[in-house]
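*Asks:* Dropping the structure in here first, questions after.
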Amino acid sequence: MPVLARQPAFTVSRGQFPDDFVFGTSTSAYQIEGSSFGGCGLSHWDTFSATPGNVVRSENGSIACDHYHRWEGDLDLVRDAGLQAYRFSTSWARVMPKGCGAINQEGLDFYDKLVDGMLERGIAPHLTLYHWEMPSALEAIGGWRNRDVTDHYADYAQAVTKRLGDRVASIATFNEPWCITWYSHYYGAHAPGLRDICAASRVAHFVPLAHSKAIAAMRALGLKNLGIVCNFEHISPLDNSPGSIKAAKVAEGIYNRWFLGGLFKAEYPADIVDLIGTHLPSGWEQDMADIAAPLDWLGINYYTRALISEGDTQPGNALPIQVGNKGDLPRTEMDWEVYPEGLGNILEWIRDTYTGDLPLAITENGMANKDKLVNGAVDDQERIAYLDAHFKQALAAIDKGIPLRAYFVWSLMDNFEWALGYDKRFGMVHVDFDSFERTPKASYHALRTMLSAL
Ligand code: IFM
């Protein structure tokens, strides 16, 4: 297998980017905070991970990185790296333990302190409202399969942003609708772990609908800089056979075109509606104009590509049965191919097909690496090379006039990588999950040097 490049320093420099370009880093609540602290309610990730076989070694986010108690030091790390922005998420289950009704004041106070802590350090807060903690009480009534939950979500969005909205630089309704929909309700790999086309199809519509209701609720509060974060893979056929071309089109439609179609064209792609239309909730067509209400920005998470062939879809109904993973490029610890060109292509395609002049941000990009702490240091040169190659794609996109405004590295620190537990280390800061000690890796130091150079 080809090996990953090693590279001790960034070859791109801060000065090549526009002065107002923003560099930041991203995390999410369940992956770092510790869900057992501070009156947080149960989320479907607590229940999913408590079920044997769902998460490796039965790990969970009950303590995670203990960020709930160590947030000040963690924000110091963001500031000391020279990063101007921090993308974090609020946990629905922490703010509203039952998903609706009573608010856990301690939870909201925590996020209030966190936002003030960022501002005191000169870091711009970028809030994501849903990075996957569906309160278990709402999962029990069907979670995203239940239309009523879209109203509860809008209430939650309003409760959080009434408190924090005056101080955050941007707000995203959702992180990665594809994962919430397909990875969680069709492949069954994430909470709630369903493998059900009907469930996935309902979620494919109710998540955009919930997004639109939250946007309307926040517009009613007069809030600005509202958007959503979607994830994309660069998807192409493995070969030129008609079967592979057809399979890749379906995979790409479900992964890349479905949500953007709804959000920016008020229509889901017809070829995918043909496949799942019978499972969509009745009356879905009437929601489309609301779903496409104007946004202020779009966030793009990009990590890898997928090469699809005929065998990746079901012979009967052409639905994907697996995510194509067949190329011969070097791979990260996630077994994901490193394909920086895909980022440039996706940015251009999104601008040309959907968003035009709308500001774009890369809200996640990064890699899991076999990082080892040796004599107090982690030499993650592969991560520097990975980020450097993707930064170059961002620069090329800016040169082409694509309105790319920001880049958030995933992630600040090693954390709970969902069903894969704590083994997959994505951080620029190493976390010892016994002592919770943080150790900045070589990539953190290299980025600080890059950002501080004139
Ligand atoms: O850790 C996740 C994150 O929660 C969502 N985007 C992809 C990351 C890496 O898998």
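Letters A, B, ... go to the chains of the structure tokens in the order shown; residues in each chain start at 1; ligands are counted from 1 in the same order.
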So which residues are near ligand 1, meaning at most 9 Å away with only C-alpha atoms and all ligand atoms counted, given back as an MDAnalysis selection string?

*Replies:* chainID A and resid 26:28 30:31 131:132 175:176 179 231 301:303 334 364:368 410:411 415:418 424 426

*Asks:* Go through range 139-275 of chain A and collect every residue that DSSP, computed from the backbone, puts in helix (DSSP H, G or I); the answer should be as a ChimeraX atom specification.

*Replies:* /A:139,143-145,147-164,177-185,197-220,242-265,270-275

*Asks:* One decimal, in Å: what's the spacing between CA of Ala251 in chain A and CA of Leu129 in chain A?

*Replies:*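 Atom-to-atom, CA of Ala251 in chain A and CA of Leu129 in chain A are spaced 27.2 Å apart.
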
*Asks:* Set the distance at 7 Å and use only C-alpha atoms: which residues neighbour Val22 in chain A once local chain neighbours fewer than 3 positions away are removed? I'd like the list as a PyMOL selection string.

*Replies:* chain A and resi 84-85+405-407

*Asks:* Could the residues in this selection be saved with N, CA and C atoms as a tab-separated table (two decimals), in the first residue's frame?

*Replies:*
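out.tsv was written with the following content:
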chain	number	residue	atom	x	y	z
A	84	GLN	N	-7.99	31.97	14.70
A	84	GLN	CA	-8.91	33.09	14.99
A	84	GLN	C	-10.31	32.63	15.30
A	85	ALA	N	-10.61	31.36	15.05
A	85	ALA	CA	-12.00	30.93	15.15
A	85	ALA	C	-12.07	29.51	15.70
A	405	ARG	N	-14.20	31.47	2.42
A	405	ARG	CA	-13.85	32.47	3.44
A	405	ARG	C	-13.13	31.92	4.66
A	406	ALA	N	-13.21	30.60	4.87
A	406	ALA	CA	-12.66	30.08	6.13
A	406	ALA	C	-12.29	28.61	5.99
A	407	TYR	N	-11.43	28.17	6.90
A	407	TYR	CA	-10.94	26.80	6.90
A	407	TYR	C	-10.80	26.34	8.34

*Asks:* Hey, what's within 10 Å of Trp71 in chain A if we count only C-alpha atoms and toss same-chain stuff fewer than 2 positions away? As a list in words, please?

*Replies:*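 So the residues in contact are Ile32, Glu33, Cys65, Asp66, His67, Tyr68, His69, Gly73, Asp74, Leu75, Asp76, Leu77, Phe110, Lys113, Leu114 and Gly117 of chain A.
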
*Asks:* Would you list the contacts of range 141-154 of chain A as a list in words, taking every protein, DNA or RNA residue within 6 Å and counting only C-alpha atoms, but skipping same-chain residues closer than 3 positions in sequence?

*Replies:*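 The residues satisfying every condition are Cys100, Leu138, Ala157, Ala199, Arg202, Val203, Ala210, Lys213 and Ala214 of chain A.
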
*Asks:* Name the residues of range 219-414 of chain A that come out as strand (DSSP E) in a backbone DSSP run; write them as a VMD selection string.

*Replies:* chain A and resid 226 to 237 297 to 308 360 to 364 404 to 410

*Asks:* Please save N, CA and C atoms of the selected residues as a compact mmCIF listing (two decimals), in the first residue's frame.

*Replies:*
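See again38.txt below for the written result:
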# COMPACT_ATOMS: atom_id res chain seq x y z
N LEU A 226 -26.45 32.71 9.24
CA LEU A 226 -27.03 31.39 9.47
C LEU A 226 -26.74 30.47 8.28
N GLY A 227 -26.37 29.24 8.58
CA GLY A 227 -26.05 28.30 7.50
C GLY A 227 -26.22 26.87 7.95
N ILE A 228 -25.61 25.98 7.20
CA ILE A 228 -25.66 24.54 7.49
C ILE A 228 -24.34 23.94 7.02
N VAL A 229 -23.95 22.83 7.63
CA VAL A 229 -22.71 22.15 7.25
C VAL A 229 -23.05 20.79 6.65
N CYS A 230 -22.66 20.58 5.40
CA CYS A 230 -22.88 19.29 4.74
C CYS A 230 -21.54 18.61 4.47
N ASN A 231 -21.56 17.29 4.43
CA ASN A 231 -20.31 16.59 4.09
C ASN A 231 -20.38 16.03 2.67
N PHE A 232 -19.22 15.99 2.05
CA PHE A 232 -19.13 15.57 0.65
C PHE A 232 -17.97 14.61 0.47
N GLU A 233 -18.15 13.66 -0.44
CA GLU A 233 -17.02 12.86 -0.92
C GLU A 233 -16.91 13.09 -2.41
N HIS A 234 -15.69 13.01 -2.92
CA HIS A 234 -15.52 13.10 -4.37
C HIS A 234 -15.83 11.73 -4.93
N ILE A 235 -16.98 11.61 -5.59
CA ILE A 235 -17.46 10.30 -6.01
C ILE A 235 -17.37 10.15 -7.52
N SER A 236 -16.70 9.07 -7.96
CA SER A 236 -16.66 8.81 -9.41
C SER A 236 -16.72 7.31 -9.66
N PRO A 237 -17.05 6.93 -10.91
CA PRO A 237 -17.09 5.50 -11.22
C PRO A 237 -15.69 4.89 -11.19
N TRP A 297 -24.48 31.34 4.40
CA TRP A 297 -23.22 30.66 4.08
C TRP A 297 -23.47 29.16 4.06
N LEU A 298 -22.52 28.44 3.46
CA LEU A 298 -22.58 26.97 3.47
C LEU A 298 -21.24 26.43 3.97
N GLY A 299 -21.32 25.48 4.89
CA GLY A 299 -20.11 24.80 5.38
C GLY A 299 -19.92 23.48 4.66
N ILE A 300 -18.65 23.18 4.35
CA ILE A 300 -18.32 21.99 3.57
C ILE A 300 -17.32 21.15 4.37
N ASN A 301 -17.69 19.92 4.67
CA ASN A 301 -16.74 18.99 5.30
C ASN A 301 -16.24 18.05 4.23
N TYR A 302 -14.93 17.94 4.10
CA TYR A 302 -14.37 17.09 3.06
C TYR A 302 -13.17 16.31 3.60
N TYR A 303 -13.15 15.02 3.32
CA TYR A 303 -12.03 14.18 3.77
C TYR A 303 -11.43 13.30 2.68
N THR A 304 -12.28 12.77 1.76
CA THR A 304 -11.77 11.70 0.90
C THR A 304 -12.61 11.54 -0.37
N ARG A 305 -12.26 10.54 -1.17
CA ARG A 305 -13.04 10.24 -2.37
C ARG A 305 -13.64 8.84 -2.26
N ALA A 306 -14.54 8.53 -3.18
CA ALA A 306 -15.06 7.16 -3.27
C ALA A 306 -15.12 6.77 -4.74
N LEU A 307 -14.64 5.58 -5.03
CA LEU A 307 -14.74 5.04 -6.40
C LEU A 307 -15.80 3.94 -6.37
N ILE A 308 -16.81 4.09 -7.21
CA ILE A 308 -17.99 3.22 -7.10
C ILE A 308 -18.07 2.30 -8.32
N LEU A 360 -18.58 30.45 1.28
CA LEU A 360 -18.37 29.04 1.63
C LEU A 360 -17.29 28.95 2.70
N ALA A 361 -17.38 27.94 3.53
CA ALA A 361 -16.32 27.68 4.51
C ALA A 361 -16.02 26.19 4.49
N ILE A 362 -14.75 25.83 4.59
CA ILE A 362 -14.42 24.42 4.84
C ILE A 362 -14.51 24.26 6.34
N THR A 363 -15.55 23.57 6.79
CA THR A 363 -15.83 23.50 8.22
C THR A 363 -15.18 22.29 8.88
N GLU A 364 -14.75 21.32 8.06
CA GLU A 364 -13.96 20.20 8.59
C GLU A 364 -13.05 19.68 7.49
N LEU A 404 -14.52 31.34 -0.99
CA LEU A 404 -14.16 30.54 0.18
C LEU A 404 -13.59 31.47 1.24
N ARG A 405 -14.20 31.47 2.42
CA ARG A 405 -13.85 32.47 3.44
C ARG A 405 -13.13 31.92 4.66
N ALA A 406 -13.21 30.60 4.87
CA ALA A 406 -12.66 30.08 6.13
C ALA A 406 -12.29 28.61 5.99
N TYR A 407 -11.43 28.17 6.90
CA TYR A 407 -10.94 26.80 6.90
C TYR A 407 -10.80 26.34 8.34
N PHE A 408 -11.56 25.34 8.72
CA PHE A 408 -11.50 24.81 10.09
C PHE A 408 -10.90 23.41 10.04
N VAL A 409 -9.81 23.22 10.76
CA VAL A 409 -9.17 21.90 10.80
C VAL A 409 -9.95 21.01 11.78
N TRP A 410 -10.28 19.81 11.34
CA TRP A 410 -10.80 18.79 12.24
C TRP A 410 -9.63 17.93 12.67

*Asks:* Using only C-alpha atoms, which residues of range 213-281 of chain A come within 12 Å of range 191-197 of chain A, and what is the closest atom pair for each, with the distance in Å to one decimal? Give it as a Markdown table, sorted by chain and residue number.

*Replies:*
| residue | atom | partner | partner_atom | distance |
| --- | --- | --- | --- | --- |
| A:Leu275 | CA | A:Ile197 | CA | 10.4 |
| A:Ile276 | CA | A:Ile197 | CA | 7.9 |
| A:Gly277 | CA | A:Ile197 | CA | 10.7 |
| A:Thr278 | CA | A:Ile197 | CA | 10.2 |
| A:His279 | CA | A:Ile197 | CA | 7.3 |
| A:Leu280 | CA | A:Ile197 | CA | 9.6 |

*Asks:* Identify, on the basis of only C-alpha atoms, every residue whose closest approach to Ala396 in chain A does not exceed 12 Å; exclude the query and any residue fewer than 4 positions from it along the same chain; express the result as an mmCIF file with N, CA and C atoms, in the first residue's frame.

*Replies:*
data_model
loop_
_atom_site.group_PDB
_atom_site.id
_atom_site.type_symbol
_atom_site.label_atom_id
_atom_site.label_comp_id
_atom_site.auth_asym_id
_atom_site.auth_seq_id
_atom_site.Cartn_x
_atom_site.Cartn_y
_atom_site.Cartn_z
ATOM 1 N N VAL A 12 2.690 26.109 2.267
ATOM 2 C CA VAL A 12 1.889 27.308 2.014
ATOM 3 C C VAL A 12 2.094 28.272 3.171
ATOM 4 N N GLN A 16 -0.298 33.992 1.706
ATOM 5 C CA GLN A 16 -0.882 33.693 0.390
ATOM 6 C C GLN A 16 -2.408 33.779 0.420
ATOM 7 N N PHE A 17 -2.979 33.689 1.623
ATOM 8 C CA PHE A 17 -4.447 33.769 1.753
ATOM 9 C C PHE A 17 -4.866 35.224 1.928
ATOM 10 N N PRO A 340 -6.590 15.236 -2.186
ATOM 11 C CA PRO A 340 -6.817 16.680 -2.028
ATOM 12 C C PRO A 340 -7.519 17.311 -3.223
ATOM 13 N N GLU A 341 -7.229 16.811 -4.444
ATOM 14 C CA GLU A 341 -7.849 17.401 -5.637
ATOM 15 C C GLU A 341 -9.374 17.377 -5.533
ATOM 16 N N LEU A 343 -11.177 18.082 -3.080
ATOM 17 C CA LEU A 343 -11.686 19.266 -2.393
ATOM 18 C C LEU A 343 -11.872 20.413 -3.384
ATOM 19 N N GLY A 344 -10.840 20.632 -4.222
ATOM 20 C CA GLY A 344 -10.944 21.706 -5.212
ATOM 21 C C GLY A 344 -12.117 21.476 -6.152
ATOM 22 N N ASN A 345 -12.261 20.220 -6.611
ATOM 23 C CA ASN A 345 -13.354 19.920 -7.548
ATOM 24 C C ASN A 345 -14.723 20.137 -6.902
ATOM 25 N N LEU A 347 -15.499 22.092 -4.373
ATOM 26 C CA LEU A 347 -15.772 23.522 -4.151
ATOM 27 C C LEU A 347 -16.284 24.173 -5.435
ATOM 28 N N GLU A 348 -15.627 23.837 -6.531
ATOM 29 C CA GLU A 348 -16.007 24.458 -7.806
ATOM 30 C C GLU A 348 -17.401 23.995 -8.233
ATOM 31 N N ALA A 389 -1.548 19.924 1.633
ATOM 32 C CA ALA A 389 -2.082 19.625 0.298
ATOM 33 C C ALA A 389 -3.508 20.170 0.159
ATOM 34 N N HIS A 390 -4.285 20.099 1.222
ATOM 35 C CA HIS A 390 -5.665 20.609 1.155
ATOM 36 C C HIS A 390 -5.684 22.138 1.227
ATOM 37 N N PHE A 391 -4.772 22.729 1.978
ATOM 38 C CA PHE A 391 -4.671 24.206 1.977
ATOM 39 C C PHE A 391 -4.392 24.703 0.557
ATOM 40 N N LYS A 392 -3.550 23.945 -0.168
ATOM 41 C CA LYS A 392 -3.226 24.371 -1.549
ATOM 42 C C LYS A 392 -4.474 24.365 -2.416
ATOM 43 N N LYS A 400 -9.438 31.048 -8.180
ATOM 44 C CA LYS A 400 -10.460 30.915 -9.241
ATOM 45 C C LYS A 400 -11.682 31.770 -8.955
ATOM 46 N N GLY A 401 -11.668 32.513 -7.862
ATOM 47 C CA GLY A 401 -12.793 33.392 -7.547
ATOM 48 C C GLY A 401 -13.892 32.718 -6.739
ATOM 49 N N ILE A 402 -13.632 31.510 -6.258
ATOM 50 C CA ILE A 402 -14.639 30.842 -5.416
ATOM 51 C C ILE A 402 -14.667 31.553 -4.055
ATOM 52 N N PRO A 403 -15.862 31.910 -3.578
ATOM 53 C CA PRO A 403 -15.929 32.727 -2.356
ATOM 54 C C PRO A 403 -15.703 31.912 -1.077
ATOM 55 N N LEU A 404 -14.521 31.338 -0.986
ATOM 56 C CA LEU A 404 -14.162 30.540 0.184
ATOM 57 C C LEU A 404 -13.588 31.473 1.243
#

*Asks:* Leaving out Asp388 in chain A and any residue of its chain fewer than 2 positions from it, which residues lie within 10 Å of it when counting only C-alpha atoms, given as a list in words?

*Replies:*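 Everything that qualifies: Gln7, Ala9, Phe10, Thr11, Val12, Ser13, Pro340, Glu382, Arg383, Ile384, Ala385, Tyr386, His390, Phe391, Lys392, Gln393, Ala394 and Leu447 of chain A.
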
*Asks:* Okay, now the selection with C-alpha atoms, as an mmCIF file, in the first residue's frame?

*Replies:*
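And here's selection-v7.cif as it stands now:
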data_model
loop_
_atom_site.group_PDB
_atom_site.id
_atom_site.type_symbol
_atom_site.label_atom_id
_atom_site.label_comp_id
_atom_site.auth_asym_id
_atom_site.auth_seq_id
_atom_site.Cartn_x
_atom_site.Cartn_y
_atom_site.Cartn_z
ATOM 1 C CA GLN A 7 6.573 16.670 5.748
ATOM 2 C CA ALA A 9 6.484 22.144 7.821
ATOM 3 C CA PHE A 10 3.782 23.789 5.764
ATOM 4 C CA THR A 11 4.814 24.897 2.297
ATOM 5 C CA VAL A 12 1.889 27.308 2.014
ATOM 6 C CA SER A 13 2.008 30.490 4.014
ATOM 7 C CA PRO A 340 -6.817 16.680 -2.028
ATOM 8 C CA GLU A 382 1.703 12.969 7.795
ATOM 9 C CA ARG A 383 -0.966 15.338 9.120
ATOM 10 C CA ILE A 384 1.093 18.378 8.149
ATOM 11 C CA ALA A 385 1.430 17.009 4.606
ATOM 12 C CA TYR A 386 -2.290 16.199 4.452
ATOM 13 C CA HIS A 390 -5.665 20.609 1.155
ATOM 14 C CA PHE A 391 -4.671 24.206 1.977
ATOM 15 C CA LYS A 392 -3.226 24.371 -1.549
ATOM 16 C CA GLN A 393 -6.567 23.343 -2.955
ATOM 17 C CA ALA A 394 -8.229 26.081 -0.924
ATOM 18 C CA LEU A 447 0.360 25.493 12.031
#

*Asks:* To one decimal place in Å, what is the distance between CA of Pro125 in chain A and CA of Val168 in chain A?

*Replies:* 5.0 Å
